[in-house]
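my_file-v8.tsv (TSV, C-alpha atoms)
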chain	number	residue	atom	x	y	z
A	118	MET	CA	208.40	192.95	27.82
A	119	ALA	CA	205.22	192.02	29.60
A	120	ASP	CA	202.47	190.53	27.46
A	121	SER	CA	199.33	192.46	28.24
A	122	SER	CA	197.09	190.44	25.94
A	123	GLY	CA	196.56	187.54	28.29
A	124	GLY	CA	195.77	186.74	31.88
A	125	ASN	CA	197.19	188.68	34.77
A	126	LEU	CA	199.53	185.82	35.56
A	127	VAL	CA	201.40	186.01	32.25
A	128	LYS	CA	204.44	188.08	33.09
A	129	GLU	CA	206.37	187.59	29.87
A	130	VAL	CA	206.30	185.61	26.62
A	131	LYS	CA	209.67	184.91	25.01
A	132	ARG	CA	209.85	183.63	21.46
A	133	ILE	CA	213.11	181.73	21.01
A	134	ASP	CA	213.54	180.19	17.54
A	135	LYS	CA	210.33	178.18	17.02
A	136	ASN	CA	209.70	177.88	20.75
A	137	ALA	CA	207.70	179.88	23.28
A	138	VAL	CA	208.65	180.43	26.91
A	139	VAL	CA	205.76	181.76	28.97
A	140	VAL	CA	206.78	183.20	32.32
A	141	LEU	CA	204.00	183.13	34.90
A	142	SER	CA	203.84	184.97	38.20
A	143	GLY	CA	201.32	184.69	41.03
A	144	GLU	CA	198.83	182.12	42.26
A	145	VAL	CA	197.00	179.91	39.76
A	146	ASP	CA	193.57	179.37	41.27
A	147	LEU	CA	189.89	179.33	40.34
A	148	HIS	CA	189.90	183.11	40.08
A	149	GLN	CA	192.90	183.34	37.76
A	150	SER	CA	192.62	180.14	35.72
A	151	PRO	CA	189.98	181.17	33.15
A	152	ALA	CA	191.98	184.18	31.92
A	153	LEU	CA	195.21	182.18	32.01
A	154	HIS	CA	193.56	179.40	30.02
A	155	SER	CA	192.56	181.85	27.28
A	156	ALA	CA	196.00	183.46	27.22
A	157	LEU	CA	197.83	180.13	26.92
A	158	LEU	CA	195.54	178.85	24.18
A	159	GLU	CA	196.23	182.04	22.19
A	160	ILE	CA	199.95	181.31	22.41
A	161	ALA	CA	199.36	177.67	21.46
A	162	LYS	CA	197.71	178.88	18.24
A	163	GLU	CA	201.21	179.96	17.13
A	164	ARG	CA	202.12	176.24	17.33
A	165	PRO	CA	205.49	176.64	19.06
A	166	SER	CA	207.65	173.51	18.82
A	167	LYS	CA	208.34	173.68	22.53
A	168	PHE	CA	205.78	175.35	24.78
A	169	VAL	CA	207.67	176.06	28.01
A	170	LEU	CA	205.86	177.29	31.10
A	171	ASP	CA	208.23	178.98	33.56
A	172	LEU	CA	206.68	178.57	37.02
A	173	ASN	CA	209.56	179.93	39.10
A	174	ASP	CA	207.35	182.77	40.32
A	175	VAL	CA	204.21	180.70	40.83
A	176	GLY	CA	203.72	180.13	44.53
A	177	TYR	CA	200.49	178.19	44.44
A	178	ILE	CA	198.37	176.13	42.08
A	179	ASP	CA	195.04	174.37	42.55
A	180	SER	CA	193.21	171.77	40.48
A	181	SER	CA	191.74	174.43	38.19
A	182	GLY	CA	195.27	175.53	37.36
A	183	VAL	CA	196.42	171.98	36.79
A	184	GLY	CA	193.36	171.46	34.60
A	185	THR	CA	194.30	174.52	32.57
A	186	PHE	CA	197.76	173.10	31.95
A	187	VAL	CA	196.28	169.71	31.00
A	188	ASP	CA	194.04	171.32	28.40
A	189	VAL	CA	196.92	173.30	26.92
A	190	PHE	CA	199.07	170.15	27.02
A	191	ARG	CA	196.47	168.33	24.93
A	192	ARG	CA	196.29	171.23	22.49
A	193	VAL	CA	200.08	171.30	22.07
A	194	ASN	CA	200.18	167.53	21.70
A	195	SER	CA	197.58	167.74	18.94
A	196	TYR	CA	200.05	169.52	16.64
A	197	LYS	CA	202.97	167.32	17.78
A	198	GLY	CA	204.52	170.05	19.92
A	199	GLN	CA	206.12	169.53	23.31
A	200	MET	CA	204.94	171.16	26.51
A	201	MET	CA	207.34	171.55	29.40
A	202	LEU	CA	207.11	172.90	32.92
A	203	VAL	CA	210.09	174.65	34.50
A	204	GLY	CA	210.93	175.83	38.01
A	205	LEU	CA	208.26	174.15	40.13
A	206	ASN	CA	208.56	174.79	43.84
A	207	ASP	CA	207.73	172.00	46.30
A	208	ARG	CA	204.14	173.12	46.73
A	209	VAL	CA	203.40	173.29	43.05
A	210	ARG	CA	205.22	170.05	42.31
A	211	SER	CA	203.25	168.22	45.02
A	212	VAL	CA	199.95	168.98	43.29
A	213	PHE	CA	201.20	167.34	40.09
A	214	GLU	CA	202.47	164.39	42.11
A	215	ILE	CA	199.24	163.82	44.07
A	216	THR	CA	197.20	163.96	40.87
A	217	LYS	CA	199.82	161.75	39.13
A	218	LEU	CA	200.12	164.31	36.35
A	219	ASP	CA	203.87	164.47	36.82
A	220	ARG	CA	203.90	161.34	34.62
A	221	PHE	CA	202.55	163.27	31.65
A	222	PHE	CA	204.32	166.60	31.79
A	223	THR	CA	208.01	167.01	31.07
A	224	ILE	CA	209.31	168.80	34.16
A	225	CYS	CA	212.71	170.53	33.96
A	226	ASP	CA	214.74	172.51	36.45
A	227	THR	CA	215.69	175.31	34.07
A	228	GLU	CA	214.60	176.97	30.87
A	229	GLU	CA	217.91	175.96	29.28
A	230	GLN	CA	217.26	172.30	30.03
A	231	ALA	CA	213.80	172.55	28.54
A	232	LEU	CA	214.96	174.23	25.34
A	233	ASN	CA	218.16	172.25	24.80
A	234	GLY	CA	217.20	168.87	26.21
B	252	MET	CA	200.05	173.48	73.38
B	253	ALA	CA	196.86	173.55	71.37
B	254	SER	CA	194.81	176.66	71.84
B	255	ASP	CA	191.06	176.86	71.90
B	256	TYR	CA	189.88	179.46	69.42
B	257	PRO	CA	187.23	178.52	66.90
B	258	ILE	CA	187.41	180.58	63.72
B	259	SER	CA	184.46	181.18	61.44
B	260	LEU	CA	184.75	182.81	58.01
B	261	ASN	CA	181.65	183.86	56.11
B	262	ILE	CA	182.25	184.49	52.43
B	263	MET	CA	180.28	184.84	49.22
B	264	SER	CA	180.83	182.23	46.55
B	265	SER	CA	183.21	184.39	44.53
B	266	PRO	CA	186.60	183.02	43.46
B	267	ARG	CA	188.00	186.41	44.48
B	268	SER	CA	187.44	185.36	48.11
B	269	LEU	CA	189.71	182.35	47.84
B	270	PRO	CA	193.12	184.04	48.34
B	271	VAL	CA	191.79	185.66	51.53
B	272	VAL	CA	190.62	182.32	52.90
B	273	ARG	CA	193.92	180.69	51.95
B	274	ALA	CA	195.83	183.33	53.90
B	275	ALA	CA	193.69	182.84	57.00
B	276	VAL	CA	193.96	179.05	56.85
B	277	GLU	CA	197.72	179.19	56.40
B	278	GLN	CA	198.07	181.53	59.37
B	279	MET	CA	196.02	179.27	61.62
B	280	ALA	CA	197.90	176.15	60.50
B	281	ALA	CA	201.22	177.86	61.25
B	282	MET	CA	199.98	178.94	64.68
B	283	GLU	CA	199.02	175.34	65.43
B	284	GLY	CA	202.52	174.16	64.62
B	285	PHE	CA	201.95	172.60	61.21
B	286	THR	CA	204.97	172.20	58.97
B	287	GLN	CA	205.06	174.08	55.66
B	288	LYS	CA	204.03	170.89	53.87
B	289	ASP	CA	201.07	170.30	56.16
B	290	CYS	CA	200.08	173.96	55.93
B	291	HIS	CA	199.98	173.67	52.17
B	292	GLY	CA	197.97	170.46	52.34
B	293	LEU	CA	195.33	172.03	54.56
B	294	VAL	CA	195.18	175.21	52.47
B	295	LEU	CA	194.83	173.28	49.22
B	296	ALA	CA	192.15	170.93	50.57
B	297	ILE	CA	190.00	173.81	51.82
B	298	ASP	CA	190.57	175.74	48.60
B	299	GLU	CA	189.44	172.72	46.57
B	300	ALA	CA	186.38	172.26	48.77
B	301	LEU	CA	185.39	175.89	48.23
B	302	ALA	CA	186.02	175.67	44.49
B	303	ASN	CA	183.72	172.65	44.32
B	304	VAL	CA	180.98	174.52	46.19
B	305	ILE	CA	181.29	177.48	43.81
B	306	LYS	CA	181.33	175.36	40.64
B	307	HIS	CA	178.97	172.53	41.50
B	308	GLY	CA	176.94	173.56	44.53
B	309	TYR	CA	176.17	177.04	43.27
B	310	GLY	CA	176.66	176.57	39.52
B	311	ASN	CA	179.26	179.38	39.40
B	312	ARG	CA	176.95	181.95	40.96
B	313	HIS	CA	179.17	184.31	42.93
B	314	ASP	CA	176.71	185.77	45.44
B	315	GLN	CA	175.84	182.77	47.58
B	316	PRO	CA	176.89	182.13	51.19
B	317	ILE	CA	179.62	179.78	52.34
B	318	THR	CA	180.81	179.37	55.91
B	319	ILE	CA	184.20	177.93	56.80
B	320	SER	CA	184.60	176.93	60.45
B	321	MET	CA	187.98	175.85	61.82
B	322	GLU	CA	189.00	174.67	65.23
B	323	PRO	CA	192.07	173.08	66.77
B	324	GLN	CA	191.58	169.34	67.29
B	325	SER	CA	194.29	167.14	68.71
B	326	ALA	CA	194.83	163.62	67.45
B	327	PRO	CA	194.45	160.72	69.92
B	328	ASP	CA	198.26	160.51	70.06
B	329	GLY	CA	198.54	164.19	70.94
B	330	ARG	CA	199.57	165.56	67.56
B	331	CYS	CA	198.10	168.93	66.75
B	332	GLY	CA	195.33	169.12	64.21
B	333	ILE	CA	192.61	171.31	62.79
B	334	SER	CA	189.02	170.38	62.08
B	335	VAL	CA	187.23	172.20	59.30
B	336	VAL	CA	183.57	172.43	58.35
B	337	VAL	CA	182.57	173.89	54.98
B	338	ARG	CA	178.85	174.65	54.90
B	339	ASP	CA	176.88	175.88	51.91
B	340	ARG	CA	173.27	176.28	50.86
B	341	GLY	CA	173.72	174.93	47.36
B	342	LYS	CA	172.54	171.88	45.50
B	343	GLN	CA	172.46	168.67	47.52
B	344	VAL	CA	174.30	165.65	46.19
B	345	ASP	CA	174.26	162.11	47.53
B	346	PRO	CA	177.51	161.91	49.56
B	347	ALA	CA	178.04	158.37	48.27
B	348	ALA	CA	178.25	159.78	44.74
B	349	ILE	CA	181.11	162.15	45.62
B	350	SER	CA	184.38	160.46	44.80
B	351	GLY	CA	187.65	161.13	43.03
B	352	ARG	CA	187.99	160.03	39.43
B	353	ASP	CA	190.39	157.68	37.65
B	354	LEU	CA	193.71	159.51	37.46
B	355	ASP	CA	194.74	157.55	34.36
B	356	ASP	CA	192.12	159.53	32.48
B	357	VAL	CA	194.18	162.63	31.70
B	358	ARG	CA	191.74	165.47	31.29
B	359	PRO	CA	190.91	168.75	33.01
B	360	GLY	CA	188.49	168.74	35.92
B	361	GLY	CA	187.39	166.31	38.59
B	362	LEU	CA	190.58	166.40	40.63
B	363	GLY	CA	189.33	168.39	43.62
B	364	VAL	CA	187.80	165.51	45.57
B	365	HIS	CA	190.86	163.38	44.93
B	366	LEU	CA	193.08	166.11	46.37
B	367	ILE	CA	190.85	166.60	49.40
B	368	LYS	CA	190.86	162.90	50.25
B	369	ALA	CA	194.59	162.57	49.64
B	370	LEU	CA	195.51	165.56	51.78
B	371	MET	CA	193.14	165.26	54.74
B	372	ASP	CA	193.00	162.59	57.44
B	373	GLU	CA	189.22	162.71	57.47
B	374	ALA	CA	186.72	164.07	54.92
B	375	GLU	CA	183.01	163.38	55.14
B	376	TYR	CA	180.17	164.93	53.16
B	377	SER	CA	176.62	165.12	54.47
B	378	CYS	CA	173.28	166.63	53.46
B	379	PRO	CA	171.85	168.58	56.42
B	380	ALA	CA	168.06	168.63	56.71
B	381	GLU	CA	168.14	172.44	56.44
B	382	GLY	CA	169.49	172.17	52.90
B	383	GLY	CA	172.85	172.57	51.20
B	384	MET	CA	175.93	170.46	51.81
B	385	MET	CA	178.33	170.10	54.70
B	386	LEU	CA	181.88	168.86	54.41
B	387	ARG	CA	183.66	168.02	57.64
B	388	MET	CA	187.41	167.51	57.38
B	389	VAL	CA	190.27	166.99	59.80
B	390	LYS	CA	193.99	167.27	59.23
B	391	TYR	CA	196.57	166.27	61.80
B	392	ALA	CA	200.21	167.25	61.74
B	393	THR	CA	202.34	164.63	60.02
B	394	PRO	CA	204.44	162.66	62.55
B	395	GLU	CA	208.01	163.97	62.55
B	396	ALA	CA	209.40	160.57	61.56
B	397	ALA	CA	207.26	160.61	58.41
B	398	GLU	CA	208.53	164.04	57.33
B	399	SER	CA	211.18	163.78	54.66
For this file, write the structure as structure tokens.
Amino acid sequence: MADSSGGNLVKEVKRIDKNAVVVLSGEVDLHQSPALHSALLEIAKERPSKFVLDLNDVGYIDSSGVGTFVDVFRRVNSYKGQMMLVGLNDRVRSVFEITKLDRFFTICDTEEQALNG
Amino acid sequence: MASDYPISLNIMSSPRSLPVVRAAVEQMAAMEGFTQKDCHGLVLAIDEALANVIKHGYGNRHDQPITISMEPQSAPDGRCGISVVVRDRGKQVDPAAISGRDLDDVRPGGLGVHLIKALMDEAEYSCPAEGGMMLRMVKYATPEAAES
């Protein structure tokens, strides 16, 4: 079921055991990032053990989007949780590579890998 | 064959304008023969330049003018390319002070200039006498041998 409490990009939030899988859809840019940031921090307040962002339906991300993920990453790290990114297309992955942030995020191909790895 | 058709987009400094600009840039890059990867690089660099104008030049005011001018520009070796000028009327900053930050410092923000310089073949800021900032950038198509 769609989560209507957060940003427009949050298509679905799945709670699986003590984990959260947040499915995003759309383009993460300067227009969308502030609402997405708020929505993700609300989910982080639940302190999921694994905070998985499913980006299969994200076609584009800019530095404001990457910055949003970095801030959530730091929040999740602060309570010893793990944040993982799943399903990055080439365009999205390249932004993490150019900014060298692919060293800090755990990037998985599938949700199953993220949850069971 | 490169065509000769300068494009000028006049927008207000609202983030809502950005998807429209991205679509126009992507279309022009495709028409000029850029690969998908080069298209994305050009789109992202211009998007980051506009985001910086909105956030820093205009302090997040959304009703200020920005002009994006694009024109085909071939490289000396004949590769296709596109030159871009982003012009605003916002706060002037010493171009020498505009640089990317240390990427080992993992924190939000400050990545836009790094992306612009990484993605474009040329990127030069200046402070026109009439006020505001001007960013001139050029991206050439990646040589086929370098495409992986």
Point to revise | At most 9 Å to chain A: residues in chain B, all atoms listed in the file, as a VMD selection string | key: chain B and resid 265 to 270 288 291 to 292 295 298 to 299 302 354 to 355 357 to 363 365 to 366 369 to 370
Exercise for review: For a cut-off of 10 Å around (197.8, 173.2, 24.6), file coordinates, pick out all residues using only C-alpha atoms and list them as a PyMOL selection string.
Suggested key: chain A and resi 154+157-162+164+168+185-196+198-200
Review point. What lies within 8 Å of region 271-281 of chain B using only C-alpha atoms, ignoring chain neighbours under 2 positions off, as a PyMOL selection string?
Key: chain B and resi 260+268-269+283-287+289-291+293-295+297-298+333
Point to revise | Atom pair CA of Ile319 (chain B) / CA of Val337 (chain B): separation (Å) | key: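 Taking CA of Ile319 (chain B) as the start and CA of Val337 (chain B) as the end point, the length is 4.7 Å.
CA of Pro323 (chain B) is found 16.7 Å from CA of Pro394 (chain B).
When CA of Leu153 (chain A) is paired with CA of Arg132 (chain A), their separation reads 18.1 Å.
Residues surrounding Thr223 (chain A) within 12 Å are Lys167, Phe168, Val169, Leu170, Phe186, Phe190, Gln199, Met200, Met201, Leu202, Val203, Gly204, Leu205, Arg210, Phe213, Leu218, Asp219, Arg220, Asp226, Thr227, Glu228, Gln230, Ala231, Leu232 and Gly234 of chain A [all atoms listed in the file; sequence separation below 3 positions excluded].
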Point to revise | Closest of A:Ala152, A:Asn206, A:Leu141, A:Val175 to Val127 (chain A) - atom-to-atom distances counting all atoms listed in the file | key: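 Among the listed residues, the smallest separation from Val127 (chain A) belongs to A:Leu141.
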For region 353-364 of chain B, where the input has fewer atoms than it should, I would like all heavy atoms rebuilt and written as a PDB file, in the frame of the given file.
ATOM      1  N   ASP B 353     189.228 158.458  38.077  1.00  0.00           N
ATOM      2  CA  ASP B 353     190.390 157.680  37.650  1.00  0.00           C
ATOM      3  C   ASP B 353     191.490 158.631  37.158  1.00  0.00           C
ATOM      4  O   ASP B 353     191.285 159.385  36.202  1.00  0.00           O
ATOM      5  CB  ASP B 353     189.954 156.744  36.514  1.00  0.00           C
ATOM      6  CG  ASP B 353     191.098 155.905  35.987  1.00  0.00           C
ATOM      7  OD1 ASP B 353     192.204 155.961  36.563  1.00  0.00           O
ATOM      8  OD2 ASP B 353     190.881 155.184  34.999  1.00  0.00           O
ATOM      9  N   LEU B 354     192.636 158.579  37.811  1.00  0.00           N
ATOM     10  CA  LEU B 354     193.710 159.510  37.460  1.00  0.00           C
ATOM     11  C   LEU B 354     194.414 159.126  36.159  1.00  0.00           C
ATOM     12  O   LEU B 354     195.188 159.918  35.618  1.00  0.00           O
ATOM     13  CB  LEU B 354     194.727 159.593  38.599  1.00  0.00           C
ATOM     14  CG  LEU B 354     194.196 160.161  39.916  1.00  0.00           C
ATOM     15  CD1 LEU B 354     195.310 160.216  40.951  1.00  0.00           C
ATOM     16  CD2 LEU B 354     193.585 161.542  39.736  1.00  0.00           C
ATOM     17  N   ASP B 355     194.150 157.925  35.655  1.00  0.00           N
ATOM     18  CA  ASP B 355     194.740 157.550  34.360  1.00  0.00           C
ATOM     19  C   ASP B 355     194.023 158.234  33.197  1.00  0.00           C
ATOM     20  O   ASP B 355     194.515 158.243  32.067  1.00  0.00           O
ATOM     21  CB  ASP B 355     194.689 156.035  34.164  1.00  0.00           C
ATOM     22  CG  ASP B 355     195.694 155.328  35.075  1.00  0.00           C
ATOM     23  OD1 ASP B 355     196.762 155.938  35.334  1.00  0.00           O
ATOM     24  OD2 ASP B 355     195.417 154.212  35.523  1.00  0.00           O
ATOM     25  N   ASP B 356     192.855 158.780  33.488  1.00  0.00           N
ATOM     26  CA  ASP B 356     192.120 159.530  32.480  1.00  0.00           C
ATOM     27  C   ASP B 356     192.612 160.982  32.531  1.00  0.00           C
ATOM     28  O   ASP B 356     192.218 161.751  33.393  1.00  0.00           O
ATOM     29  CB  ASP B 356     190.617 159.457  32.785  1.00  0.00           C
ATOM     30  CG  ASP B 356     189.770 160.198  31.772  1.00  0.00           C
ATOM     31  OD1 ASP B 356     190.309 160.579  30.714  1.00  0.00           O
ATOM     32  OD2 ASP B 356     188.571 160.399  32.039  1.00  0.00           O
ATOM     33  N   VAL B 357     193.535 161.313  31.638  1.00  0.00           N
ATOM     34  CA  VAL B 357     194.180 162.630  31.700  1.00  0.00           C
ATOM     35  C   VAL B 357     193.303 163.662  31.002  1.00  0.00           C
ATOM     36  O   VAL B 357     193.243 163.737  29.778  1.00  0.00           O
ATOM     37  CB  VAL B 357     195.571 162.603  31.029  1.00  0.00           C
ATOM     38  CG1 VAL B 357     196.254 163.957  31.153  1.00  0.00           C
ATOM     39  CG2 VAL B 357     196.426 161.540  31.684  1.00  0.00           C
ATOM     40  N   ARG B 358     192.599 164.415  31.816  1.00  0.00           N
ATOM     41  CA  ARG B 358     191.740 165.470  31.290  1.00  0.00           C
ATOM     42  C   ARG B 358     191.550 166.512  32.383  1.00  0.00           C
ATOM     43  O   ARG B 358     191.753 166.227  33.569  1.00  0.00           O
ATOM     44  CB  ARG B 358     190.382 164.902  30.872  1.00  0.00           C
ATOM     45  CG  ARG B 358     189.621 164.227  31.995  1.00  0.00           C
ATOM     46  CD  ARG B 358     188.267 163.731  31.546  1.00  0.00           C
ATOM     47  NE  ARG B 358     187.630 162.882  32.536  1.00  0.00           N
ATOM     48  CZ  ARG B 358     186.950 163.328  33.592  1.00  0.00           C
ATOM     49  NH1 ARG B 358     186.846 164.622  33.803  1.00  0.00           N
ATOM     50  NH2 ARG B 358     186.405 162.480  34.447  1.00  0.00           N
ATOM     51  N   PRO B 359     191.137 167.720  31.989  1.00  0.00           N
ATOM     52  CA  PRO B 359     190.910 168.750  33.010  1.00  0.00           C
ATOM     53  C   PRO B 359     189.688 168.395  33.853  1.00  0.00           C
ATOM     54  O   PRO B 359     188.766 167.742  33.377  1.00  0.00           O
ATOM     55  CB  PRO B 359     190.636 170.009  32.175  1.00  0.00           C
ATOM     56  CG  PRO B 359     191.063 169.700  30.787  1.00  0.00           C
ATOM     57  CD  PRO B 359     190.933 168.216  30.624  1.00  0.00           C
ATOM     58  N   GLY B 360     189.676 168.867  35.088  1.00  0.00           N
ATOM     59  CA  GLY B 360     188.490 168.740  35.920  1.00  0.00           C
ATOM     60  C   GLY B 360     188.433 167.457  36.719  1.00  0.00           C
ATOM     61  O   GLY B 360     189.080 166.452  36.395  1.00  0.00           O
ATOM     62  N   GLY B 361     187.652 167.503  37.805  1.00  0.00           N
ATOM     63  CA  GLY B 361     187.390 166.310  38.590  1.00  0.00           C
ATOM     64  C   GLY B 361     188.493 165.893  39.538  1.00  0.00           C
ATOM     65  O   GLY B 361     188.462 164.784  40.070  1.00  0.00           O
ATOM     66  N   LEU B 362     189.458 166.770  39.771  1.00  0.00           N
ATOM     67  CA  LEU B 362     190.580 166.400  40.630  1.00  0.00           C
ATOM     68  C   LEU B 362     190.420 166.886  42.069  1.00  0.00           C
ATOM     69  O   LEU B 362     191.166 166.478  42.957  1.00  0.00           O
ATOM     70  CB  LEU B 362     191.896 166.963  40.055  1.00  0.00           C
ATOM     71  CG  LEU B 362     192.306 166.408  38.689  1.00  0.00           C
ATOM     72  CD1 LEU B 362     193.477 167.205  38.135  1.00  0.00           C
ATOM     73  CD2 LEU B 362     192.666 164.934  38.806  1.00  0.00           C
ATOM     74  N   GLY B 363     189.466 167.768  42.306  1.00  0.00           N
ATOM     75  CA  GLY B 363     189.330 168.390  43.620  1.00  0.00           C
ATOM     76  C   GLY B 363     189.064 167.397  44.737  1.00  0.00           C
ATOM     77  O   GLY B 363     189.710 167.437  45.789  1.00  0.00           O
ATOM     78  N   VAL B 364     188.125 166.490  44.525  1.00  0.00           N
ATOM     79  CA  VAL B 364     187.800 165.510  45.570  1.00  0.00           C
ATOM     80  C   VAL B 364     188.981 164.584  45.828  1.00  0.00           C
ATOM     81  O   VAL B 364     189.267 164.222  46.971  1.00  0.00           O
ATOM     82  CB  VAL B 364     186.533 164.709  45.183  1.00  0.00           C
ATOM     83  CG1 VAL B 364     186.288 163.577  46.167  1.00  0.00           C
ATOM     84  CG2 VAL B 364     185.319 165.631  45.129  1.00  0.00           C
TER      85      VAL B 364
END
